[in-house]
>>> print(open('structure-v4.pdb').read())   # PDB, C-alpha atoms and all ligand atoms
MODEL        1
ATOM      1  CA  MET B   1      21.949  12.662  24.857  1.00  0.00           C
ATOM      2  CA  THR B   2      22.392  12.924  21.090  1.00  0.00           C
ATOM      3  CA  ARG B   3      22.575  16.466  19.804  1.00  0.00           C
ATOM      4  CA  PHE B   4      21.175  16.774  16.307  1.00  0.00           C
ATOM      5  CA  VAL B   5      22.470  19.533  14.068  1.00  0.00           C
ATOM      6  CA  ILE B   6      19.004  20.108  12.598  1.00  0.00           C
ATOM      7  CA  PRO B   7      15.676  19.221  14.249  1.00  0.00           C
ATOM      8  CA  PRO B   8      15.098  15.462  13.805  1.00  0.00           C
ATOM      9  CA  PRO B   9      12.087  14.578  11.645  1.00  0.00           C
ATOM     10  CA  ALA B  10       8.810  13.609  13.285  1.00  0.00           C
ATOM     11  CA  THR B  11       7.880   9.913  13.392  1.00  0.00           C
ATOM     12  CA  PRO B  12       5.426   9.159  10.562  1.00  0.00           C
ATOM     13  CA  SER B  13       2.301   7.410  11.804  1.00  0.00           C
ATOM     14  CA  VAL B  14      -1.215   6.297  10.953  1.00  0.00           C
ATOM     15  CA  ALA B  15      -4.407   6.481  12.969  1.00  0.00           C
ATOM     16  CA  VAL B  16      -5.705   3.585  15.035  1.00  0.00           C
ATOM     17  CA  ALA B  17      -9.466   3.283  14.595  1.00  0.00           C
ATOM     18  CA  ASP B  18     -11.744   4.414  17.413  1.00  0.00           C
ATOM     19  CA  THR B  19      -8.862   5.644  19.597  1.00  0.00           C
ATOM     20  CA  PRO B  20      -6.661   8.765  19.750  1.00  0.00           C
ATOM     21  CA  ASP B  21      -3.639   6.454  19.415  1.00  0.00           C
ATOM     22  CA  ARG B  22      -1.267   6.340  16.455  1.00  0.00           C
ATOM     23  CA  PHE B  23       0.744   3.491  14.918  1.00  0.00           C
ATOM     24  CA  PRO B  24       4.349   4.558  14.181  1.00  0.00           C
ATOM     25  CA  VAL B  25       5.456   3.785  10.630  1.00  0.00           C
ATOM     26  CA  ARG B  26       8.990   2.505  10.068  1.00  0.00           C
ATOM     27  CA  ARG B  27       8.955   1.423   6.398  1.00  0.00           C
ATOM     28  CA  ILE B  28       6.381   0.829   3.673  1.00  0.00           C
ATOM     29  CA  PHE B  29       6.665  -2.289   1.512  1.00  0.00           C
ATOM     30  CA  CYS B  30       4.324  -2.859  -1.432  1.00  0.00           C
ATOM     31  CA  VAL B  31       3.634  -6.048  -3.367  1.00  0.00           C
ATOM     32  CA  GLY B  32       3.508  -5.707  -7.154  1.00  0.00           C
ATOM     33  CA  ARG B  33       1.002  -7.725  -9.185  1.00  0.00           C
ATOM     34  CA  ASN B  34      -0.929  -9.747  -6.627  1.00  0.00           C
ATOM     35  CA  TYR B  35      -4.355 -10.169  -8.240  1.00  0.00           C
ATOM     36  CA  ALA B  36      -4.455 -12.188 -11.471  1.00  0.00           C
ATOM     37  CA  ALA B  37      -6.957  -9.913 -13.223  1.00  0.00           C
ATOM     38  CA  HIS B  38      -4.806  -6.828 -12.511  1.00  0.00           C
ATOM     39  CA  VAL B  39      -1.665  -8.672 -13.659  1.00  0.00           C
ATOM     40  CA  ARG B  40      -3.461  -9.367 -16.944  1.00  0.00           C
ATOM     41  CA  GLU B  41      -4.766  -5.811 -17.355  1.00  0.00           C
ATOM     42  CA  MET B  42      -1.161  -4.556 -17.039  1.00  0.00           C
ATOM     43  CA  GLY B  43      -0.029  -7.076 -19.685  1.00  0.00           C
ATOM     44  CA  ASN B  44       2.085  -9.293 -17.422  1.00  0.00           C
ATOM     45  CA  ASP B  45       2.480 -13.007 -16.699  1.00  0.00           C
ATOM     46  CA  GLU B  46       0.400 -14.000 -13.662  1.00  0.00           C
ATOM     47  CA  ARG B  47       2.705 -16.917 -12.768  1.00  0.00           C
ATOM     48  CA  GLU B  48       5.615 -14.636 -11.790  1.00  0.00           C
ATOM     49  CA  PRO B  49       6.818 -14.848  -8.170  1.00  0.00           C
ATOM     50  CA  PRO B  50       5.987 -11.839  -5.950  1.00  0.00           C
ATOM     51  CA  PHE B  51       8.199  -8.783  -5.966  1.00  0.00           C
ATOM     52  CA  PHE B  52       8.319  -5.702  -3.805  1.00  0.00           C
ATOM     53  CA  PHE B  53       8.850  -1.995  -4.047  1.00  0.00           C
ATOM     54  CA  THR B  54       8.907   0.590  -1.277  1.00  0.00           C
ATOM     55  CA  LYS B  55       7.602   4.022  -0.425  1.00  0.00           C
ATOM     56  CA  PRO B  56       9.167   6.409   2.095  1.00  0.00           C
ATOM     57  CA  ALA B  57       7.629   6.083   5.578  1.00  0.00           C
ATOM     58  CA  ASP B  58       6.742   9.767   5.505  1.00  0.00           C
ATOM     59  CA  SER B  59       4.696   9.368   2.309  1.00  0.00           C
ATOM     60  CA  VAL B  60       1.897   7.952   4.481  1.00  0.00           C
ATOM     61  CA  VAL B  61      -1.406   9.844   4.382  1.00  0.00           C
ATOM     62  CA  ASP B  62      -4.376   9.599   6.748  1.00  0.00           C
ATOM     63  CA  ASP B  63      -8.034   9.095   5.977  1.00  0.00           C
ATOM     64  CA  GLY B  64      -9.779  12.333   5.004  1.00  0.00           C
ATOM     65  CA  ALA B  65      -6.712  14.028   3.537  1.00  0.00           C
ATOM     66  CA  ILE B  66      -6.989  16.538   0.720  1.00  0.00           C
ATOM     67  CA  LEU B  67      -4.108  15.894  -1.669  1.00  0.00           C
ATOM     68  CA  ASP B  68      -2.664  18.211  -4.270  1.00  0.00           C
ATOM     69  CA  TYR B  69      -2.459  16.548  -7.686  1.00  0.00           C
ATOM     70  CA  PRO B  70       1.177  15.363  -7.649  1.00  0.00           C
ATOM     71  CA  PRO B  71       3.786  16.998  -9.876  1.00  0.00           C
ATOM     72  CA  GLU B  72       5.260  15.596 -13.092  1.00  0.00           C
ATOM     73  CA  THR B  73       2.335  13.327 -13.973  1.00  0.00           C
ATOM     74  CA  GLN B  74      -0.721  13.476 -16.185  1.00  0.00           C
ATOM     75  CA  ASN B  75      -1.930  10.035 -15.106  1.00  0.00           C
ATOM     76  CA  LEU B  76      -2.356   9.627 -11.342  1.00  0.00           C
ATOM     77  CA  HIS B  77      -3.934   6.218 -10.597  1.00  0.00           C
ATOM     78  CA  HIS B  78      -5.755   4.721  -7.608  1.00  0.00           C
ATOM     79  CA  GLU B  79      -4.918   1.209  -6.342  1.00  0.00           C
ATOM     80  CA  ALA B  80      -7.169  -0.174  -3.590  1.00  0.00           C
ATOM     81  CA  GLU B  81      -5.169  -2.438  -1.261  1.00  0.00           C
ATOM     82  CA  LEU B  82      -5.293  -4.303   2.043  1.00  0.00           C
ATOM     83  CA  VAL B  83      -2.577  -2.902   4.329  1.00  0.00           C
ATOM     84  CA  VAL B  84      -0.889  -5.148   6.901  1.00  0.00           C
ATOM     85  CA  ALA B  85       0.742  -3.491   9.934  1.00  0.00           C
ATOM     86  CA  ILE B  86       3.645  -5.432  11.433  1.00  0.00           C
ATOM     87  CA  GLY B  87       3.741  -5.423  15.243  1.00  0.00           C
ATOM     88  CA  THR B  88       6.540  -7.922  15.842  1.00  0.00           C
ATOM     89  CA  GLY B  89       9.611  -8.067  13.617  1.00  0.00           C
ATOM     90  CA  GLY B  90      11.743 -10.987  12.589  1.00  0.00           C
ATOM     91  CA  ARG B  91      13.904 -12.706   9.999  1.00  0.00           C
ATOM     92  CA  GLU B  92      13.232 -16.040   8.312  1.00  0.00           C
ATOM     93  CA  ILE B  93       9.604 -16.082   9.447  1.00  0.00           C
ATOM     94  CA  ALA B  94       7.781 -19.325   8.619  1.00  0.00           C
ATOM     95  CA  GLU B  95       4.424 -19.004   6.866  1.00  0.00           C
ATOM     96  CA  ALA B  96       2.829 -20.876   9.775  1.00  0.00           C
ATOM     97  CA  ASP B  97       4.077 -18.195  12.218  1.00  0.00           C
ATOM     98  CA  ALA B  98       3.651 -15.192   9.944  1.00  0.00           C
ATOM     99  CA  LEU B  99       0.262 -14.000  11.150  1.00  0.00           C
ATOM    100  CA  SER B 100       1.521 -13.745  14.734  1.00  0.00           C
ATOM    101  CA  HIS B 101       3.714 -10.844  13.526  1.00  0.00           C
ATOM    102  CA  VAL B 102       0.675  -8.800  12.410  1.00  0.00           C
ATOM    103  CA  TRP B 103      -0.581  -5.980  14.633  1.00  0.00           C
ATOM    104  CA  GLY B 104      -3.581  -5.095  12.503  1.00  0.00           C
ATOM    105  CA  TYR B 105      -5.075  -4.196   9.139  1.00  0.00           C
ATOM    106  CA  ALA B 106      -6.330  -1.179   7.234  1.00  0.00           C
ATOM    107  CA  ALA B 107      -7.682  -0.193   3.841  1.00  0.00           C
ATOM    108  CA  GLY B 108      -5.112   1.613   1.711  1.00  0.00           C
ATOM    109  CA  ASN B 109      -4.606   3.312  -1.627  1.00  0.00           C
ATOM    110  CA  ASP B 110      -1.247   2.884  -3.392  1.00  0.00           C
ATOM    111  CA  LEU B 111      -1.306   6.120  -5.409  1.00  0.00           C
ATOM    112  CA  THR B 112       0.725   5.743  -8.588  1.00  0.00           C
ATOM    113  CA  ARG B 113       2.058   8.104 -11.247  1.00  0.00           C
ATOM    114  CA  ARG B 114       1.232   5.591 -13.982  1.00  0.00           C
ATOM    115  CA  ASP B 115       2.887   7.512 -16.802  1.00  0.00           C
ATOM    116  CA  LEU B 116       6.173   7.661 -14.889  1.00  0.00           C
ATOM    117  CA  GLN B 117       5.854   3.943 -14.104  1.00  0.00           C
ATOM    118  CA  ALA B 118       5.332   3.100 -17.781  1.00  0.00           C
ATOM    119  CA  ALA B 119       8.400   5.179 -18.736  1.00  0.00           C
ATOM    120  CA  ALA B 120      10.485   3.519 -15.994  1.00  0.00           C
ATOM    121  CA  LYS B 121       9.447   0.028 -17.104  1.00  0.00           C
ATOM    122  CA  LYS B 122      10.281   0.845 -20.727  1.00  0.00           C
ATOM    123  CA  ALA B 123      13.719   2.184 -19.786  1.00  0.00           C
ATOM    124  CA  GLY B 124      14.434  -0.607 -17.264  1.00  0.00           C
ATOM    125  CA  ARG B 125      14.666   2.009 -14.509  1.00  0.00           C
ATOM    126  CA  PRO B 126      13.445   1.860 -10.869  1.00  0.00           C
ATOM    127  CA  TRP B 127       9.810   2.577  -9.996  1.00  0.00           C
ATOM    128  CA  ASP B 128      10.638   4.946  -7.108  1.00  0.00           C
ATOM    129  CA  TRP B 129       9.488   8.135  -8.824  1.00  0.00           C
ATOM    130  CA  ALA B 130       6.259   6.464  -9.956  1.00  0.00           C
ATOM    131  CA  LYS B 131       5.395   5.005  -6.559  1.00  0.00           C
ATOM    132  CA  GLY B 132       7.291   6.749  -3.773  1.00  0.00           C
ATOM    133  CA  PHE B 133       6.333  10.386  -4.226  1.00  0.00           C
ATOM    134  CA  ASP B 134       5.149  12.643  -1.397  1.00  0.00           C
ATOM    135  CA  ARG B 135       1.783  11.635   0.118  1.00  0.00           C
ATOM    136  CA  SER B 136       1.505   8.532  -2.089  1.00  0.00           C
ATOM    137  CA  ALA B 137       0.716   5.938   0.621  1.00  0.00           C
ATOM    138  CA  VAL B 138      -2.893   6.469   1.672  1.00  0.00           C
ATOM    139  CA  CYS B 139      -3.698   4.392   4.766  1.00  0.00           C
ATOM    140  CA  GLY B 140      -6.997   4.310   6.634  1.00  0.00           C
ATOM    141  CA  PRO B 141      -7.383   3.826  10.368  1.00  0.00           C
ATOM    142  CA  LEU B 142      -5.729   0.590  11.499  1.00  0.00           C
ATOM    143  CA  ARG B 143      -7.766  -1.985  13.358  1.00  0.00           C
ATOM    144  CA  PRO B 144      -6.003  -4.492  15.606  1.00  0.00           C
ATOM    145  CA  VAL B 145      -6.182  -8.200  14.865  1.00  0.00           C
ATOM    146  CA  ALA B 146      -8.452  -8.563  17.906  1.00  0.00           C
ATOM    147  CA  ALA B 147     -11.055  -6.534  15.977  1.00  0.00           C
ATOM    148  CA  THR B 148     -10.562  -7.823  12.436  1.00  0.00           C
ATOM    149  CA  GLY B 149      -9.170 -11.341  12.755  1.00  0.00           C
ATOM    150  CA  HIS B 150      -6.931 -12.179   9.786  1.00  0.00           C
ATOM    151  CA  PRO B 151      -9.011 -11.359   6.705  1.00  0.00           C
ATOM    152  CA  ALA B 152      -8.311 -13.906   3.948  1.00  0.00           C
ATOM    153  CA  SER B 153     -11.489 -13.154   2.009  1.00  0.00           C
ATOM    154  CA  GLY B 154     -13.927 -10.286   1.706  1.00  0.00           C
ATOM    155  CA  ARG B 155     -14.868  -7.650  -0.805  1.00  0.00           C
ATOM    156  CA  ILE B 156     -12.317  -4.950  -1.636  1.00  0.00           C
ATOM    157  CA  LEU B 157     -13.537  -2.024  -3.678  1.00  0.00           C
ATOM    158  CA  CYS B 158     -12.592   1.422  -4.861  1.00  0.00           C
ATOM    159  CA  ARG B 159     -15.086   4.155  -5.644  1.00  0.00           C
ATOM    160  CA  VAL B 160     -14.360   7.433  -7.379  1.00  0.00           C
ATOM    161  CA  ASN B 161     -17.026  10.077  -6.764  1.00  0.00           C
ATOM    162  CA  GLY B 162     -19.330   7.268  -5.613  1.00  0.00           C
ATOM    163  CA  GLU B 163     -18.865   5.157  -8.758  1.00  0.00           C
ATOM    164  CA  THR B 164     -17.293   1.713  -8.313  1.00  0.00           C
ATOM    165  CA  ARG B 165     -14.014   1.453 -10.245  1.00  0.00           C
ATOM    166  CA  GLN B 166     -12.339  -1.558  -8.651  1.00  0.00           C
ATOM    167  CA  GLU B 167     -14.039  -4.544  -7.127  1.00  0.00           C
ATOM    168  CA  GLY B 168     -12.397  -7.764  -6.049  1.00  0.00           C
ATOM    169  CA  ASP B 169     -12.072 -10.184  -3.181  1.00  0.00           C
ATOM    170  CA  LEU B 170      -9.107 -10.651  -0.855  1.00  0.00           C
ATOM    171  CA  ALA B 171      -9.376 -14.380  -1.632  1.00  0.00           C
ATOM    172  CA  GLU B 172      -8.162 -13.564  -5.171  1.00  0.00           C
ATOM    173  CA  MET B 173      -4.711 -12.542  -3.959  1.00  0.00           C
ATOM    174  CA  ILE B 174      -2.071 -14.668  -5.711  1.00  0.00           C
ATOM    175  CA  TRP B 175       0.209 -14.456  -2.650  1.00  0.00           C
ATOM    176  CA  SER B 176      -1.526 -14.621   0.742  1.00  0.00           C
ATOM    177  CA  VAL B 177      -0.590 -12.425   3.700  1.00  0.00           C
ATOM    178  CA  PRO B 178       1.437 -15.241   5.385  1.00  0.00           C
ATOM    179  CA  GLU B 179       3.261 -15.920   2.094  1.00  0.00           C
ATOM    180  CA  ILE B 180       4.005 -12.195   1.648  1.00  0.00           C
ATOM    181  CA  ILE B 181       5.374 -11.870   5.204  1.00  0.00           C
ATOM    182  CA  ALA B 182       7.498 -15.015   4.818  1.00  0.00           C
ATOM    183  CA  SER B 183       8.792 -13.771   1.458  1.00  0.00           C
ATOM    184  CA  LEU B 184       9.722 -10.331   2.857  1.00  0.00           C
ATOM    185  CA  ALA B 185      11.416 -11.847   5.910  1.00  0.00           C
ATOM    186  CA  ARG B 186      13.612 -14.030   3.690  1.00  0.00           C
ATOM    187  CA  SER B 187      15.100 -10.855   2.180  1.00  0.00           C
ATOM    188  CA  ILE B 188      15.074  -8.315   5.009  1.00  0.00           C
ATOM    189  CA  GLU B 189      14.503  -8.260   8.752  1.00  0.00           C
ATOM    190  CA  LEU B 190      10.918  -7.119   9.292  1.00  0.00           C
ATOM    191  CA  GLN B 191      10.559  -4.512  12.023  1.00  0.00           C
ATOM    192  CA  PRO B 192       7.687  -3.346  14.201  1.00  0.00           C
ATOM    193  CA  GLY B 193       6.049  -0.413  12.427  1.00  0.00           C
ATOM    194  CA  ASP B 194       6.530  -1.785   8.920  1.00  0.00           C
ATOM    195  CA  LEU B 195       3.454  -1.510   6.692  1.00  0.00           C
ATOM    196  CA  VAL B 196       2.823  -3.871   3.782  1.00  0.00           C
ATOM    197  CA  PHE B 197       0.531  -2.877   0.911  1.00  0.00           C
ATOM    198  CA  THR B 198      -0.598  -6.211  -0.515  1.00  0.00           C
ATOM    199  CA  GLY B 199      -1.453  -5.404  -4.139  1.00  0.00           C
ATOM    200  CA  THR B 200      -4.513  -4.238  -6.022  1.00  0.00           C
ATOM    201  CA  PRO B 201      -7.364  -5.923  -7.897  1.00  0.00           C
ATOM    202  CA  ALA B 202      -8.236  -5.070 -11.511  1.00  0.00           C
ATOM    203  CA  GLY B 203      -9.805  -1.780 -12.503  1.00  0.00           C
ATOM    204  CA  VAL B 204      -7.044   0.700 -11.725  1.00  0.00           C
ATOM    205  CA  GLY B 205      -7.578   4.045 -13.385  1.00  0.00           C
ATOM    206  CA  PRO B 206      -7.016   7.779 -13.336  1.00  0.00           C
ATOM    207  CA  LEU B 207      -7.903  10.313 -10.674  1.00  0.00           C
ATOM    208  CA  GLU B 208      -8.656  13.884 -11.698  1.00  0.00           C
ATOM    209  CA  ARG B 209      -8.542  17.127  -9.740  1.00  0.00           C
ATOM    210  CA  GLY B 210     -11.666  17.361  -7.572  1.00  0.00           C
ATOM    211  CA  ASP B 211     -12.214  13.581  -7.354  1.00  0.00           C
ATOM    212  CA  THR B 212     -13.001  11.820  -4.093  1.00  0.00           C
ATOM    213  CA  CYS B 213     -11.506   8.311  -3.952  1.00  0.00           C
ATOM    214  CA  GLU B 214     -12.697   5.796  -1.372  1.00  0.00           C
ATOM    215  CA  VAL B 215     -11.377   2.317  -0.668  1.00  0.00           C
ATOM    216  CA  GLU B 216     -13.466  -0.094   1.354  1.00  0.00           C
ATOM    217  CA  ILE B 217     -12.620  -3.593   2.575  1.00  0.00           C
ATOM    218  CA  ALA B 218     -15.234  -5.798   4.230  1.00  0.00           C
ATOM    219  CA  GLY B 219     -14.422  -6.379   7.887  1.00  0.00           C
ATOM    220  CA  VAL B 220     -11.397  -4.056   7.791  1.00  0.00           C
ATOM    221  CA  GLY B 221     -12.665  -0.534   7.113  1.00  0.00           C
ATOM    222  CA  GLY B 222     -12.204   2.223   4.615  1.00  0.00           C
ATOM    223  CA  VAL B 223     -10.211   5.247   3.621  1.00  0.00           C
ATOM    224  CA  SER B 224     -11.163   8.299   1.591  1.00  0.00           C
ATOM    225  CA  VAL B 225      -9.075  11.083   0.102  1.00  0.00           C
ATOM    226  CA  LYS B 226      -9.884  13.999  -2.143  1.00  0.00           C
ATOM    227  CA  ILE B 227      -7.702  15.355  -4.925  1.00  0.00           C
ATOM    228  CA  ALA B 228      -7.650  19.169  -4.570  1.00  0.00           C
TER
HETATM  229 MN    MN F 301      -0.102  -1.426  -5.703  1.00  0.00          MN
ENDMDL
END
>>> encode(input="structure-v4.pdb", output="structure tokens")
Amino acid sequence: MTRFVIPPPATPSVAVADTPDRFPVRRIFCVGRNYAAHVREMGNDEREPPFFFTKPADSVVDDGAILDYPPETQNLHHEAELVVAIGTGGREIAEADALSHVWGYAAGNDLTRRDLQAAAKKAGRPWDWAKGFDRSAVCGPLRPVAATGHPASGRILCRVNGETRQEGDLAEMIWSVPEIIASLARSIELQPGDLVFTGTPAGVGPLERGDTCEVEIAGVGGVSVKIA
């Protein structure tokens, strides 16, 4: 048996809806710029191919969490997103087979230190500090494919203190879930436990201390966090 010189870290995980079970999280991939209106609001070209960034697996946060306002930012933003949970890994996955690799879906919130992201973009530096900070990957209870099907359309919205800030439809995604999975699996070997945040519709904006931020996706579920 392996003897570790310090206690090994716990396995990060997210809740499975309506059960006491947990889904173990291996890695977190996020798609940048996947809704045309959000691409435009950020001043980018909507015809660009998809690209990815990552968050640490242990940045995942459950529904109902109370989050401290993160350090080194004055502009924390919400990003409502459909989260795909990978149940079966693989390399070189064809689009036609991609959905068979999905375990389930959840509503998520890709919390972003927007000011750090803007500085990183300007300096040509990585986005890690803007996107991959502690407790930045908010993920609601996962529902298995048997419960949700494979949602390709449906309303996705974000409310802050009950006021709608983002509203879109999954059908507006530039790159579909099968295309995203196929694209990822061309570059890396997908593994069971990987989560994929699939991009956010227009209307991203700041969260202040004391705000409650809810994301809701028709047929998938919701997730709510409060900023302390
Ligand atoms: Mn995002």
>>> residues_near_ligand(input="structure-v4.pdb", ligand="ligand MN 301 (chain F)", cutoff="8 Å", atoms="all atoms listed in the file", output="count of residues only")
15
>>> closest_residue(input="structure-v4.pdb", among="B:Asp194, B:Glu214, B:Glu41, B:Glu48", to="Trp103 of chain B", atoms="only C-alpha atoms")
B:Asp194
>>> resolve_selection(input="structure-v4.pdb", expression="the PyMOL selection byres (((chain B and resi 91) around 9) and not hetatm)", output="ChimeraX atom specification")
/B:89-90,92-93,182,184-190
>>> write_last_selection(input="structure-v4.pdb", atoms="C-alpha atoms", output="short mmCIF file (atom, residue, chain, number, x, y, z; two decimals), in the frame of the given file")
data_model
loop_
_atom_site.label_atom_id
_atom_site.label_comp_id
_atom_site.auth_asym_id
_atom_site.auth_seq_id
_atom_site.Cartn_x
_atom_site.Cartn_y
_atom_site.Cartn_z
CA GLY B 89 9.61 -8.07 13.62
CA GLY B 90 11.74 -10.99 12.59
CA GLU B 92 13.23 -16.04 8.31
CA ILE B 93 9.60 -16.08 9.45
CA ALA B 182 7.50 -15.02 4.82
CA LEU B 184 9.72 -10.33 2.86
CA ALA B 185 11.42 -11.85 5.91
CA ARG B 186 13.61 -14.03 3.69
CA SER B 187 15.10 -10.86 2.18
CA ILE B 188 15.07 -8.32 5.01
CA GLU B 189 14.50 -8.26 8.75
CA LEU B 190 10.92 -7.12 9.29
#
>>> residues_around(input="structure-v4.pdb", residues="Asp58 of chain B", least_positions_apart="2", cutoff="6 Å", atoms="all atoms listed in the file", output="list in words")
Pro12, Pro56 and Val60 of chain B
>>> closest_atom_pairs(input="structure-v4.pdb", of="segment 120-198 of chain B", to="segment 62-67 of chain B", cutoff="7 Å", atoms="all atoms listed in the file", output="tab-separated table")
residue	atom	partner	partner_atom	distance
B:Val138	CA	B:Asp62	CA	6.1
B:Cys139	CA	B:Asp62	CA	5.6
B:Gly140	CA	B:Asp63	CA	4.9
B:Pro141	CA	B:Asp63	CA	6.9
>>> closest_residue(input="structure-v4.pdb", among="B:Ala123, B:Val61, B:Leu99, B:Leu76", to="Val204 of chain B", atoms="only C-alpha atoms")
B:Leu76
>>> resolve_selection(input="structure-v4.pdb", expression="the PyMOL selection byres (((chain B and resi 86) around 6) and not hetatm)", output="short mmCIF file (atom, residue, chain, number, x, y, z; two decimals) with C-alpha atoms, in the coordinates of the input")
data_model
loop_
_atom_site.label_atom_id
_atom_site.label_comp_id
_atom_site.auth_asym_id
_atom_site.auth_seq_id
_atom_site.Cartn_x
_atom_site.Cartn_y
_atom_site.Cartn_z
CA ALA B 85 0.74 -3.49 9.93
CA GLY B 87 3.74 -5.42 15.24
CA THR B 88 6.54 -7.92 15.84
CA HIS B 101 3.71 -10.84 13.53
CA VAL B 102 0.68 -8.80 12.41
CA TRP B 103 -0.58 -5.98 14.63
CA PRO B 192 7.69 -3.35 14.20
CA GLY B 193 6.05 -0.41 12.43
CA ASP B 194 6.53 -1.78 8.92
#
>>> residues_near_point(input="structure-v4.pdb", point="(-13.3, 2.6, 5.9)", cutoff="9 Å", atoms="only C-alpha atoms", output="ChimeraX atom specification")
/B:63,106-107,140-141,214-218,220-224
>>> atom_distance(input="structure-v4.pdb", atom1="atom CA of Phe52 of chain B", atom2="atom CA of Ala10 of chain B")
25.8 Å
>>> decode(input="structure-v4.pdb", residues="segment 79-92 of chain B", atoms="N, CA, C and O atoms", output="compact mmCIF listing (two decimals), in the first residue's frame")
# COMPACT_ATOMS: atom_id res chain seq x y z
N GLU B 79 -21.35 33.87 -14.50
CA GLU B 79 -21.54 33.33 -15.85
C GLU B 79 -22.37 32.07 -15.74
O GLU B 79 -21.88 31.01 -15.32
N ALA B 80 -23.64 32.15 -16.11
CA ALA B 80 -24.55 31.00 -16.08
C ALA B 80 -24.17 30.02 -17.19
O ALA B 80 -24.02 30.42 -18.34
N GLU B 81 -24.02 28.74 -16.84
CA GLU B 81 -23.58 27.77 -17.85
C GLU B 81 -24.19 26.38 -17.63
O GLU B 81 -24.39 25.96 -16.49
N LEU B 82 -24.44 25.69 -18.72
CA LEU B 82 -24.76 24.26 -18.68
C LEU B 82 -23.47 23.49 -18.39
O LEU B 82 -22.45 23.72 -19.06
N VAL B 83 -23.52 22.59 -17.41
CA VAL B 83 -22.36 21.76 -17.09
C VAL B 83 -22.63 20.33 -17.55
O VAL B 83 -23.69 19.76 -17.27
N VAL B 84 -21.66 19.76 -18.26
CA VAL B 84 -21.73 18.38 -18.74
C VAL B 84 -20.79 17.54 -17.89
O VAL B 84 -19.62 17.89 -17.73
N ALA B 85 -21.29 16.43 -17.34
CA ALA B 85 -20.47 15.52 -16.54
C ALA B 85 -20.14 14.29 -17.38
O ALA B 85 -21.04 13.60 -17.89
N ILE B 86 -18.85 14.03 -17.54
CA ILE B 86 -18.40 12.91 -18.37
C ILE B 86 -18.37 11.63 -17.53
O ILE B 86 -17.72 11.58 -16.48
N GLY B 87 -19.05 10.60 -18.01
CA GLY B 87 -19.10 9.32 -17.31
C GLY B 87 -18.18 8.27 -17.88
O GLY B 87 -17.70 7.38 -17.19
N THR B 88 -17.91 8.40 -19.19
CA THR B 88 -17.05 7.45 -19.90
C THR B 88 -16.02 8.24 -20.68
O THR B 88 -16.38 9.11 -21.48
N GLY B 89 -14.75 7.95 -20.44
CA GLY B 89 -13.68 8.71 -21.10
C GLY B 89 -13.42 8.25 -22.52
O GLY B 89 -14.11 7.37 -23.06
N GLY B 90 -12.42 8.86 -23.13
CA GLY B 90 -12.02 8.43 -24.46
C GLY B 90 -11.21 9.49 -25.18
O GLY B 90 -11.17 10.65 -24.78
N ARG B 91 -10.52 9.01 -26.23
CA ARG B 91 -9.77 9.90 -27.12
C ARG B 91 -10.38 9.82 -28.50
O ARG B 91 -10.95 8.79 -28.87
N GLU B 92 -10.24 10.87 -29.28
CA GLU B 92 -10.74 10.85 -30.67
C GLU B 92 -12.20 10.39 -30.71
O GLU B 92 -12.55 9.45 -31.43
